[in-house]
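Participant: Below is the file coords.tsv, with TSV, N, CA and C atoms.
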chain	number	residue	atom	x	y	z
A	1	LEU	N	93.93	22.42	10.23
A	1	LEU	CA	93.00	21.42	9.76
A	1	LEU	C	91.75	21.39	10.62
A	2	TRP	N	91.89	21.00	11.89
A	2	TRP	CA	90.76	20.96	12.81
A	2	TRP	C	91.16	21.73	14.06
A	3	PRO	N	90.23	22.31	14.76
A	3	PRO	CA	90.56	23.05	15.98
A	3	PRO	C	91.35	22.18	16.96
A	4	GLY	N	92.48	22.68	17.42
A	4	GLY	CA	93.30	21.97	18.38
A	4	GLY	C	94.21	20.91	17.80
A	5	GLN	N	94.22	20.75	16.48
A	5	GLN	CA	95.07	19.75	15.84
A	5	GLN	C	95.96	20.42	14.82
A	6	ALA	N	97.16	19.88	14.66
A	6	ALA	CA	98.08	20.42	13.66
A	6	ALA	C	98.96	19.31	13.12
A	7	MET	N	99.37	19.46	11.89
A	7	MET	CA	100.34	18.55	11.30
A	7	MET	C	101.11	19.33	10.26
A	8	SER	N	102.28	18.84	9.92
A	8	SER	CA	103.12	19.56	8.99
A	8	SER	C	103.65	18.63	7.92
A	9	LEU	N	103.39	18.95	6.67
A	9	LEU	CA	103.97	18.27	5.54
A	9	LEU	C	103.77	19.16	4.33
A	10	GLU	N	104.52	18.89	3.30
A	10	GLU	CA	104.43	19.70	2.10
A	10	GLU	C	103.43	19.09	1.13
A	11	VAL	N	102.34	19.81	0.90
A	11	VAL	CA	101.28	19.36	-0.01
A	11	VAL	C	101.57	19.92	-1.39
A	12	GLU	N	101.69	19.03	-2.37
A	12	GLU	CA	101.90	19.47	-3.74
A	12	GLU	C	100.59	19.86	-4.41
A	13	GLU	N	99.52	19.08	-4.15
A	13	GLU	CA	98.24	19.35	-4.80
A	13	GLU	C	97.12	18.68	-4.02
A	14	VAL	N	96.01	19.39	-3.80
A	14	VAL	CA	94.82	18.80	-3.21
A	14	VAL	C	94.05	18.13	-4.35
A	15	LEU	N	93.87	16.82	-4.24
A	15	LEU	CA	93.21	16.05	-5.29
A	15	LEU	C	91.70	15.95	-5.07
A	16	CYS	N	91.31	15.86	-3.82
A	16	CYS	CA	89.89	15.73	-3.50
A	16	CYS	C	89.66	16.21	-2.08
A	17	HIS	N	88.59	16.96	-1.88
A	17	HIS	CA	88.20	17.40	-0.55
A	17	HIS	C	86.69	17.37	-0.50
A	18	LYS	N	86.12	16.42	0.27
A	18	LYS	CA	84.67	16.31	0.37
A	18	LYS	C	84.29	15.82	1.75
A	19	LYS	N	83.01	15.93	2.05
A	19	LYS	CA	82.49	15.53	3.34
A	19	LYS	C	81.39	14.50	3.11
A	20	THR	N	81.41	13.42	3.91
A	20	THR	CA	80.35	12.43	3.86
A	20	THR	C	79.53	12.57	5.13
A	21	LEU	N	78.55	11.72	5.27
A	21	LEU	CA	77.73	11.72	6.47
A	21	LEU	C	78.58	11.40	7.70
A	22	PHE	N	79.68	10.64	7.51
A	22	PHE	CA	80.48	10.17	8.63
A	22	PHE	C	81.78	10.92	8.85
A	23	GLN	N	82.36	11.52	7.80
A	23	GLN	CA	83.70	12.07	7.94
A	23	GLN	C	84.04	13.05	6.84
A	24	GLU	N	85.14	13.75	7.04
A	24	GLU	CA	85.69	14.62	6.02
A	24	GLU	C	86.80	13.85	5.31
A	25	ILE	N	86.84	13.92	3.99
A	25	ILE	CA	87.85	13.20	3.21
A	25	ILE	C	88.74	14.23	2.53
A	26	LEU	N	90.04	14.10	2.74
A	26	LEU	CA	91.02	14.99	2.11
A	26	LEU	C	92.10	14.12	1.50
A	27	VAL	N	92.26	14.21	0.19
A	27	VAL	CA	93.29	13.45	-0.53
A	27	VAL	C	94.21	14.45	-1.20
A	28	PHE	N	95.50	14.30	-0.95
A	28	PHE	CA	96.45	15.23	-1.55
A	28	PHE	C	97.72	14.50	-1.95
A	29	ARG	N	98.44	15.10	-2.86
A	29	ARG	CA	99.75	14.59	-3.27
A	29	ARG	C	100.79	15.32	-2.44
A	30	SER	N	101.69	14.56	-1.82
A	30	SER	CA	102.75	15.16	-1.01
A	30	SER	C	104.11	14.67	-1.50
A	31	LYS	N	105.15	15.17	-0.88
A	31	LYS	CA	106.51	14.78	-1.25
A	31	LYS	C	106.90	13.42	-0.68
A	32	THR	N	106.15	12.94	0.32
A	32	THR	CA	106.48	11.65	0.95
A	32	THR	C	105.34	10.67	0.76
A	33	TYR	N	105.65	9.40	0.79
A	33	TYR	CA	104.65	8.35	0.60
A	33	TYR	C	104.81	7.30	1.68
A	34	GLY	N	103.78	6.46	1.86
A	34	GLY	CA	103.84	5.41	2.85
A	34	GLY	C	104.70	4.25	2.40
A	35	ASN	N	104.98	3.34	3.31
A	35	ASN	CA	105.78	2.16	3.02
A	35	ASN	C	104.96	0.90	3.24
A	36	VAL	N	105.33	-0.15	2.56
A	36	VAL	CA	104.67	-1.44	2.69
A	36	VAL	C	105.67	-2.44	3.24
A	37	HIS	N	105.28	-3.17	4.27
A	37	HIS	CA	106.16	-4.18	4.86
A	37	HIS	C	105.92	-5.51	4.15
A	38	PRO	N	106.96	-6.11	3.55
A	38	PRO	CA	106.76	-7.31	2.72
A	38	PRO	C	106.32	-8.56	3.47
A	39	SER	N	106.56	-8.64	4.78
A	39	SER	CA	106.24	-9.88	5.48
A	39	SER	C	104.82	-9.91	6.05
A	40	VAL	N	104.01	-8.92	5.78
A	40	VAL	CA	102.64	-8.91	6.27
A	40	VAL	C	101.86	-10.05	5.61
A	41	GLN	N	101.21	-10.88	6.43
A	41	GLN	CA	100.46	-12.03	5.90
A	41	GLN	C	99.01	-11.68	5.62
A	42	SER	N	98.43	-10.83	6.45
A	42	SER	CA	97.04	-10.43	6.24
A	42	SER	C	96.78	-9.07	6.89
A	43	VAL	N	95.82	-8.36	6.31
A	43	VAL	CA	95.44	-7.03	6.80
A	43	VAL	C	93.92	-6.98	6.85
A	44	VAL	N	93.39	-6.45	7.95
A	44	VAL	CA	91.97	-6.18	8.06
A	44	VAL	C	91.83	-4.67	8.14
A	45	GLN	N	91.09	-4.10	7.21
A	45	GLN	CA	90.86	-2.65	7.21
A	45	GLN	C	89.39	-2.41	7.53
A	46	CYS	N	89.15	-1.52	8.46
A	46	CYS	CA	87.79	-1.19	8.86
A	46	CYS	C	87.53	0.27	8.51
A	47	GLU	N	86.52	0.52	7.70
A	47	GLU	CA	86.12	1.88	7.31
A	47	GLU	C	84.64	2.06	7.61
A	48	ILE	N	84.27	3.23	8.12
A	48	ILE	CA	82.88	3.50	8.45
A	48	ILE	C	81.99	3.53	7.20
A	49	GLY	N	82.55	3.95	6.07
A	49	GLY	CA	81.78	4.02	4.83
A	49	GLY	C	82.67	3.75	3.63
A	50	GLU	N	82.06	3.47	2.50
A	50	GLU	CA	82.81	3.11	1.30
A	50	GLU	C	83.41	4.30	0.56
A	51	GLU	N	83.00	5.52	0.87
A	51	GLU	CA	83.44	6.67	0.09
A	51	GLU	C	84.95	6.89	0.17
A	52	VAL	N	85.56	6.64	1.33
A	52	VAL	CA	87.02	6.78	1.45
A	52	VAL	C	87.71	5.84	0.47
A	53	ILE	N	87.21	4.63	0.34
A	53	ILE	CA	87.79	3.65	-0.57
A	53	ILE	C	87.59	4.10	-2.02
A	54	ASN	N	86.39	4.56	-2.34
A	54	ASN	CA	86.11	5.02	-3.70
A	54	ASN	C	86.99	6.20	-4.09
A	55	VAL	N	87.16	7.16	-3.18
A	55	VAL	CA	88.01	8.33	-3.44
A	55	VAL	C	89.46	7.89	-3.60
A	56	SER	N	89.91	6.95	-2.77
A	56	SER	CA	91.28	6.44	-2.88
A	56	SER	C	91.51	5.80	-4.24
A	57	LYS	N	90.57	5.00	-4.68
A	57	LYS	CA	90.72	4.34	-5.98
A	57	LYS	C	90.75	5.35	-7.12
A	58	GLN	N	89.97	6.43	-6.99
A	58	GLN	CA	89.91	7.43	-8.05
A	58	GLN	C	91.14	8.33	-8.06
A	59	TYR	N	91.56	8.81	-6.90
A	59	TYR	CA	92.62	9.82	-6.85
A	59	TYR	C	93.99	9.27	-6.48
A	60	LEU	N	94.04	8.08	-5.91
A	60	LEU	CA	95.32	7.48	-5.50
A	60	LEU	C	95.42	6.05	-6.05
A	61	PRO	N	95.29	5.86	-7.35
A	61	PRO	CA	95.26	4.50	-7.89
A	61	PRO	C	96.52	3.70	-7.59
A	62	GLY	N	97.66	4.36	-7.52
A	62	GLY	CA	98.90	3.65	-7.21
A	62	GLY	C	98.92	3.10	-5.80
A	63	MET	N	98.29	3.81	-4.87
A	63	MET	CA	98.22	3.35	-3.49
A	63	MET	C	97.02	2.43	-3.27
A	64	ALA	N	95.97	2.61	-4.07
A	64	ALA	CA	94.74	1.84	-3.90
A	64	ALA	C	94.85	0.43	-4.47
A	65	VAL	N	95.96	0.08	-5.08
A	65	VAL	CA	96.11	-1.28	-5.60
A	65	VAL	C	96.00	-2.31	-4.48
A	66	GLY	N	96.28	-1.90	-3.27
A	66	GLY	CA	96.15	-2.80	-2.13
A	66	GLY	C	94.75	-3.33	-1.92
A	67	TYR	N	93.75	-2.60	-2.41
A	67	TYR	CA	92.37	-3.06	-2.27
A	67	TYR	C	92.10	-4.34	-3.07
A	68	SER	N	92.94	-4.64	-4.04
A	68	SER	CA	92.77	-5.87	-4.81
A	68	SER	C	93.66	-7.00	-4.28
A	69	SER	N	94.39	-6.75	-3.21
A	69	SER	CA	95.28	-7.77	-2.65
A	69	SER	C	94.48	-8.88	-1.97
A	70	PRO	N	94.88	-10.13	-2.19
A	70	PRO	CA	94.22	-11.23	-1.48
A	70	PRO	C	94.53	-11.22	0.02
A	71	LYS	N	95.51	-10.43	0.44
A	71	LYS	CA	95.84	-10.32	1.86
A	71	LYS	C	94.86	-9.43	2.62
A	72	LEU	N	94.06	-8.64	1.90
A	72	LEU	CA	93.18	-7.66	2.53
A	72	LEU	C	91.78	-8.21	2.76
A	73	THR	N	91.31	-8.01	3.98
A	73	THR	CA	89.90	-8.20	4.31
A	73	THR	C	89.36	-6.83	4.65
A	74	LEU	N	88.38	-6.37	3.90
A	74	LEU	CA	87.83	-5.03	4.07
A	74	LEU	C	86.50	-5.12	4.80
A	75	HIS	N	86.40	-4.42	5.93
A	75	HIS	CA	85.17	-4.40	6.72
A	75	HIS	C	84.59	-2.99	6.66
A	76	ILE	N	83.37	-2.86	6.17
A	76	ILE	CA	82.69	-1.57	6.13
A	76	ILE	C	81.76	-1.53	7.33
A	77	GLY	N	82.02	-0.61	8.24
A	77	GLY	CA	81.18	-0.50	9.44
A	77	GLY	C	81.90	0.27	10.53
A	78	ASP	N	81.26	0.38	11.64
A	78	ASP	CA	81.76	1.14	12.78
A	78	ASP	C	82.97	0.45	13.42
A	79	GLY	N	84.06	1.18	13.57
A	79	GLY	CA	85.28	0.63	14.15
A	79	GLY	C	85.12	0.18	15.59
A	80	PHE	N	84.34	0.92	16.36
A	80	PHE	CA	84.10	0.56	17.76
A	80	PHE	C	83.39	-0.78	17.83
A	81	GLN	N	82.35	-0.96	17.03
A	81	GLN	CA	81.62	-2.22	17.02
A	81	GLN	C	82.49	-3.37	16.52
A	82	PHE	N	83.33	-3.08	15.53
A	82	PHE	CA	84.24	-4.10	15.00
A	82	PHE	C	85.19	-4.59	16.09
A	83	MET	N	85.74	-3.67	16.87
A	83	MET	CA	86.68	-4.06	17.92
A	83	MET	C	85.99	-4.88	19.00
A	84	LYS	N	84.70	-4.61	19.26
A	84	LYS	CA	83.95	-5.40	20.25
A	84	LYS	C	83.87	-6.87	19.85
A	85	GLN	N	83.89	-7.14	18.54
A	85	GLN	CA	83.70	-8.50	18.03
A	85	GLN	C	85.02	-9.26	17.87
A	86	ASN	N	86.13	-8.64	18.18
A	86	ASN	CA	87.44	-9.29	17.96
A	86	ASN	C	88.26	-9.26	19.24
A	87	GLN	N	88.57	-10.43	19.78
A	87	GLN	CA	89.41	-10.53	20.97
A	87	GLN	C	90.58	-11.44	20.67
A	88	ASP	N	91.77	-11.01	21.12
A	88	ASP	CA	92.99	-11.80	20.92
A	88	ASP	C	93.16	-12.17	19.45
A	89	ALA	N	92.95	-11.19	18.56
A	89	ALA	CA	92.90	-11.47	17.13
A	89	ALA	C	94.05	-10.89	16.31
A	90	PHE	N	94.72	-9.85	16.80
A	90	PHE	CA	95.66	-9.12	15.95
A	90	PHE	C	97.05	-9.00	16.59
A	91	ASP	N	98.07	-9.11	15.75
A	91	ASP	CA	99.45	-8.86	16.19
A	91	ASP	C	99.72	-7.37	16.28
A	92	VAL	N	99.16	-6.62	15.35
A	92	VAL	CA	99.35	-5.17	15.28
A	92	VAL	C	98.01	-4.52	14.96
A	93	ILE	N	97.71	-3.44	15.65
A	93	ILE	CA	96.54	-2.61	15.32
A	93	ILE	C	97.06	-1.21	15.06
A	94	ILE	N	96.73	-0.68	13.89
A	94	ILE	CA	97.04	0.71	13.56
A	94	ILE	C	95.72	1.43	13.47
A	95	THR	N	95.49	2.37	14.36
A	95	THR	CA	94.24	3.11	14.34
A	95	THR	C	94.50	4.53	13.85
A	96	ASP	N	93.74	4.91	12.86
A	96	ASP	CA	93.84	6.25	12.28
A	96	ASP	C	92.44	6.85	12.36
A	97	SER	N	92.03	7.14	13.57
A	97	SER	CA	90.68	7.64	13.80
A	97	SER	C	90.48	8.99	13.15
A	98	SER	N	89.25	9.20	12.71
A	98	SER	CA	88.90	10.49	12.11
A	98	SER	C	88.83	11.56	13.19
A	99	ASP	N	88.41	12.75	12.82
A	99	ASP	CA	88.26	13.79	13.82
A	99	ASP	C	87.17	13.39	14.82
A	100	PRO	N	87.26	13.89	16.06
A	100	PRO	CA	86.40	13.41	17.15
A	100	PRO	C	84.90	13.57	16.93
A	101	VAL	N	84.48	14.44	16.06
A	101	VAL	CA	83.04	14.58	15.82
A	101	VAL	C	82.77	14.12	14.40
A	102	PRO	N	81.98	13.14	14.11
A	102	PRO	CA	81.05	12.44	14.99
A	102	PRO	C	81.59	11.14	15.59
A	103	ALA	N	82.87	10.86	15.49
A	103	ALA	CA	83.43	9.58	15.94
A	103	ALA	C	83.91	9.63	17.38
A	104	GLU	N	83.09	10.18	18.28
A	104	GLU	CA	83.52	10.35	19.67
A	104	GLU	C	83.96	9.04	20.32
A	105	SER	N	83.29	7.94	19.98
A	105	SER	CA	83.61	6.66	20.63
A	105	SER	C	85.03	6.20	20.35
A	106	LEU	N	85.65	6.68	19.25
A	106	LEU	CA	87.02	6.27	18.92
A	106	LEU	C	88.07	7.10	19.65
A	107	PHE	N	87.63	7.97	20.55
A	107	PHE	CA	88.55	8.80	21.31
A	107	PHE	C	88.37	8.62	22.81
A	108	LYS	N	87.63	7.60	23.19
A	108	LYS	CA	87.38	7.35	24.61
A	108	LYS	C	88.22	6.17	25.08
A	109	GLU	N	88.44	6.12	26.39
A	109	GLU	CA	89.24	5.06	26.99
A	109	GLU	C	88.67	3.68	26.65
A	110	SER	N	87.36	3.58	26.56
A	110	SER	CA	86.74	2.27	26.28
A	110	SER	C	87.17	1.72	24.91
A	111	TYR	N	87.40	2.60	23.93
A	111	TYR	CA	87.87	2.15	22.62
A	111	TYR	C	89.29	1.59	22.72
A	112	TYR	N	90.14	2.25	23.48
A	112	TYR	CA	91.51	1.77	23.66
A	112	TYR	C	91.53	0.46	24.44
A	113	GLN	N	90.61	0.29	25.37
A	113	GLN	CA	90.49	-0.98	26.09
A	113	GLN	C	90.08	-2.10	25.13
A	114	LEU	N	89.14	-1.78	24.22
A	114	LEU	CA	88.74	-2.78	23.23
A	114	LEU	C	89.92	-3.18	22.34
A	115	MET	N	90.72	-2.21	21.94
A	115	MET	CA	91.88	-2.53	21.10
A	115	MET	C	92.87	-3.39	21.88
A	116	LYS	N	93.03	-3.10	23.17
A	116	LYS	CA	93.93	-3.90	23.99
A	116	LYS	C	93.47	-5.36	24.04
A	117	THR	N	92.18	-5.58	24.20
A	117	THR	CA	91.68	-6.95	24.24
A	117	THR	C	91.71	-7.62	22.87
A	118	ALA	N	91.71	-6.82	21.80
A	118	ALA	CA	91.78	-7.38	20.45
A	118	ALA	C	93.20	-7.79	20.06
A	119	LEU	N	94.19	-7.28	20.79
A	119	LEU	CA	95.59	-7.63	20.50
A	119	LEU	C	95.94	-9.00	21.06
A	120	LYS	N	96.76	-9.73	20.32
A	120	LYS	CA	97.34	-10.96	20.84
A	120	LYS	C	98.37	-10.58	21.90
A	121	GLU	N	98.83	-11.57	22.66
A	121	GLU	CA	99.87	-11.32	23.66
A	121	GLU	C	101.09	-10.71	22.98
A	122	ASN	N	101.66	-9.68	23.57
A	122	ASN	CA	102.80	-8.93	23.03
A	122	ASN	C	102.46	-8.19	21.74
A	123	GLY	N	101.17	-7.93	21.51
A	123	GLY	CA	100.75	-7.18	20.33
A	123	GLY	C	101.15	-5.71	20.42
A	124	ILE	N	101.07	-5.03	19.29
A	124	ILE	CA	101.50	-3.64	19.19
A	124	ILE	C	100.31	-2.79	18.76
A	125	LEU	N	100.11	-1.66	19.45
A	125	LEU	CA	99.07	-0.70	19.10
A	125	LEU	C	99.74	0.59	18.63
A	126	CYS	N	99.38	1.04	17.44
A	126	CYS	CA	99.91	2.29	16.88
A	126	CYS	C	98.75	3.27	16.73
A	127	CYS	N	98.86	4.41	17.38
A	127	CYS	CA	97.79	5.42	17.33
A	127	CYS	C	98.28	6.67	16.64
Would you write the structure of this file as structure tokens?

Facilitator:
Amino acid sequence: LWPGQAMSLEVEEVLCHKKTLFQEILVFRSKTYGNVHPSVQSVVQCEIGEEVINVSKQYLPGMAVGYSSPKLTLHIGDGFQFMKQNQDAFDVIITDSSDPVPAESLFKESYYQLMKTALKENGILCC
């Protein structure tokens, strides 16, 4: 996928592969799918641009139904700046940073420090 990175899963079909000003978008159908935890009360999703959301709605409509959930707050903007504005705010943070170029700030120690301060006491960080 990217120099120095590897992952393994069985891809049935590539649905969309495009590049935006901010990131590369790859949507594919695989043999495995994500899970939803029923007790989640609210979710804040931060995306650098709207294209990932638009592609998800077009190619993954079954998974994109979450975008219409009243539990979701969608923030379009820089993740690093978003974390600067939130302290002691989250029980769980799941970060799925894009490749390091051009999102270098999401791979530096300062970003992980921001996430630590954004977590509530005994919060969980998933990277």

Participant: Can you list, as a PyMOL selection string, all residues belonging to region 12-124 of chain A that DSSP tags as alpha helix (DSSP H)?

Facilitator: chain A and resi 51-59+61-64+79-84+109-118

Participant: Pick out the residues sitting within 7 Å of Met83 (chain A), and hand them over as a tab-separated table (two decimals) with N, CA and C atoms, keeping the file's coordinate frame; count only C-alpha atoms, and ignore anything fewer than 5 positions along from it in its own chain.

Facilitator:
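Ended up saving to result.tsv:
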chain	number	residue	atom	x	y	z
A	114	LEU	N	89.14	-1.78	24.22
A	114	LEU	CA	88.74	-2.78	23.23
A	114	LEU	C	89.92	-3.18	22.34
A	115	MET	N	90.72	-2.21	21.94
A	115	MET	CA	91.88	-2.53	21.10
A	115	MET	C	92.87	-3.39	21.88
A	118	ALA	N	91.71	-6.82	21.80
A	118	ALA	CA	91.78	-7.38	20.45
A	118	ALA	C	93.20	-7.79	20.06

Participant: If you run DSSP on the backbone here, which positions in region 11-53 of chain A get strand (DSSP E)? Please write them as a PyMOL selection string.

Facilitator: chain A and resi 11-19+24-30+43-47

Participant: Need the shell around Leu119 (chain A): protein/DNA/RNA residues with any atom at most 6.5 Å away, counting all atoms listed in the file. Skip same-chain ones fewer than 4 positions apart. Format as a PDB file with N, CA and C atoms, in the frame of the given file?

Facilitator:
ATOM      1  N   ASN A  86      86.130  -8.640  18.180  1.00  0.00           N
ATOM      2  CA  ASN A  86      87.440  -9.290  17.960  1.00  0.00           C
ATOM      3  C   ASN A  86      88.260  -9.260  19.240  1.00  0.00           C
ATOM      4  N   GLN A  87      88.570 -10.430  19.780  1.00  0.00           N
ATOM      5  CA  GLN A  87      89.410 -10.530  20.970  1.00  0.00           C
ATOM      6  C   GLN A  87      90.580 -11.440  20.670  1.00  0.00           C
ATOM      7  N   ASP A  88      91.770 -11.010  21.120  1.00  0.00           N
ATOM      8  CA  ASP A  88      92.990 -11.800  20.920  1.00  0.00           C
ATOM      9  C   ASP A  88      93.160 -12.170  19.450  1.00  0.00           C
ATOM     10  N   ALA A  89      92.950 -11.190  18.560  1.00  0.00           N
ATOM     11  CA  ALA A  89      92.900 -11.470  17.130  1.00  0.00           C
ATOM     12  C   ALA A  89      94.050 -10.890  16.310  1.00  0.00           C
ATOM     13  N   PHE A  90      94.720  -9.850  16.800  1.00  0.00           N
ATOM     14  CA  PHE A  90      95.660  -9.120  15.950  1.00  0.00           C
ATOM     15  C   PHE A  90      97.050  -9.000  16.590  1.00  0.00           C
ATOM     16  N   ASP A  91      98.070  -9.110  15.750  1.00  0.00           N
ATOM     17  CA  ASP A  91      99.450  -8.860  16.190  1.00  0.00           C
ATOM     18  C   ASP A  91      99.720  -7.370  16.280  1.00  0.00           C
ATOM     19  N   VAL A  92      99.160  -6.620  15.350  1.00  0.00           N
ATOM     20  CA  VAL A  92      99.350  -5.170  15.280  1.00  0.00           C
ATOM     21  C   VAL A  92      98.010  -4.520  14.960  1.00  0.00           C
ATOM     22  N   LEU A 114      89.140  -1.780  24.220  1.00  0.00           N
ATOM     23  CA  LEU A 114      88.740  -2.780  23.230  1.00  0.00           C
ATOM     24  C   LEU A 114      89.920  -3.180  22.340  1.00  0.00           C
ATOM     25  N   MET A 115      90.720  -2.210  21.940  1.00  0.00           N
ATOM     26  CA  MET A 115      91.880  -2.530  21.100  1.00  0.00           C
ATOM     27  C   MET A 115      92.870  -3.390  21.880  1.00  0.00           C
ATOM     28  N   GLY A 123     101.170  -7.930  21.510  1.00  0.00           N
ATOM     29  CA  GLY A 123     100.750  -7.180  20.330  1.00  0.00           C
ATOM     30  C   GLY A 123     101.150  -5.710  20.420  1.00  0.00           C
ATOM     31  N   ILE A 124     101.070  -5.030  19.290  1.00  0.00           N
ATOM     32  CA  ILE A 124     101.500  -3.640  19.190  1.00  0.00           C
ATOM     33  C   ILE A 124     100.310  -2.790  18.760  1.00  0.00           C
TER      34      ILE A 124
END

Participant: Determine, counting only N, CA and C atoms, which protein, DNA and RNA residues have an atom within 8 Å of an atom of region 42-57 of chain A; residues of the same chain fewer than 5 positions away are not included. Present the result as a list in words.

Facilitator: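 Residues near the query, excluding close chain neighbours: Cys16, Thr20, Phe22, Gln23, Ile25, Val27, Gly62, Met63, Ala64, Val65, Pro70, Lys71, Leu72, Thr73, Leu74, His75, Ile76, Gly77, Asp78, Gly79 and Phe82 of chain A.
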
Participant: Those selected residues, please, written with N, CA and C atoms and delivered as a tab-separated table (two decimals), in the frame of the given file.

Facilitator:
chain	number	residue	atom	x	y	z
A	16	CYS	N	91.31	15.86	-3.82
A	16	CYS	CA	89.89	15.73	-3.50
A	16	CYS	C	89.66	16.21	-2.08
A	20	THR	N	81.41	13.42	3.91
A	20	THR	CA	80.35	12.43	3.86
A	20	THR	C	79.53	12.57	5.13
A	22	PHE	N	79.68	10.64	7.51
A	22	PHE	CA	80.48	10.17	8.63
A	22	PHE	C	81.78	10.92	8.85
A	23	GLN	N	82.36	11.52	7.80
A	23	GLN	CA	83.70	12.07	7.94
A	23	GLN	C	84.04	13.05	6.84
A	25	ILE	N	86.84	13.92	3.99
A	25	ILE	CA	87.85	13.20	3.21
A	25	ILE	C	88.74	14.23	2.53
A	27	VAL	N	92.26	14.21	0.19
A	27	VAL	CA	93.29	13.45	-0.53
A	27	VAL	C	94.21	14.45	-1.20
A	62	GLY	N	97.66	4.36	-7.52
A	62	GLY	CA	98.90	3.65	-7.21
A	62	GLY	C	98.92	3.10	-5.80
A	63	MET	N	98.29	3.81	-4.87
A	63	MET	CA	98.22	3.35	-3.49
A	63	MET	C	97.02	2.43	-3.27
A	64	ALA	N	95.97	2.61	-4.07
A	64	ALA	CA	94.74	1.84	-3.90
A	64	ALA	C	94.85	0.43	-4.47
A	65	VAL	N	95.96	0.08	-5.08
A	65	VAL	CA	96.11	-1.28	-5.60
A	65	VAL	C	96.00	-2.31	-4.48
A	70	PRO	N	94.88	-10.13	-2.19
A	70	PRO	CA	94.22	-11.23	-1.48
A	70	PRO	C	94.53	-11.22	0.02
A	71	LYS	N	95.51	-10.43	0.44
A	71	LYS	CA	95.84	-10.32	1.86
A	71	LYS	C	94.86	-9.43	2.62
A	72	LEU	N	94.06	-8.64	1.90
A	72	LEU	CA	93.18	-7.66	2.53
A	72	LEU	C	91.78	-8.21	2.76
A	73	THR	N	91.31	-8.01	3.98
A	73	THR	CA	89.90	-8.20	4.31
A	73	THR	C	89.36	-6.83	4.65
A	74	LEU	N	88.38	-6.37	3.90
A	74	LEU	CA	87.83	-5.03	4.07
A	74	LEU	C	86.50	-5.12	4.80
A	75	HIS	N	86.40	-4.42	5.93
A	75	HIS	CA	85.17	-4.40	6.72
A	75	HIS	C	84.59	-2.99	6.66
A	76	ILE	N	83.37	-2.86	6.17
A	76	ILE	CA	82.69	-1.57	6.13
A	76	ILE	C	81.76	-1.53	7.33
A	77	GLY	N	82.02	-0.61	8.24
A	77	GLY	CA	81.18	-0.50	9.44
A	77	GLY	C	81.90	0.27	10.53
A	78	ASP	N	81.26	0.38	11.64
A	78	ASP	CA	81.76	1.14	12.78
A	78	ASP	C	82.97	0.45	13.42
A	79	GLY	N	84.06	1.18	13.57
A	79	GLY	CA	85.28	0.63	14.15
A	79	GLY	C	85.12	0.18	15.59
A	82	PHE	N	83.33	-3.08	15.53
A	82	PHE	CA	84.24	-4.10	15.00
A	82	PHE	C	85.19	-4.59	16.09

Participant: Quick check, in Å to one decimal: how far apart do CA of Phe80 (chain A) and CA of Leu26 (chain A) lie?

Facilitator: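 Answer for the CA of Phe80 (chain A) to CA of Leu26 (chain A) separation: 22.4 Å.
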
Participant: Atom C of Leu21 (chain A) and CA of Gln58 (chain A), how far apart in Å?

Facilitator: 19.8 Å

Participant: If I take atom C of Phe28 (chain A) and CA of Leu60 (chain A), how far is one from the other in Å, to one decimal?

Facilitator: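 Distance reported for this atom pair: 8.2 Å.
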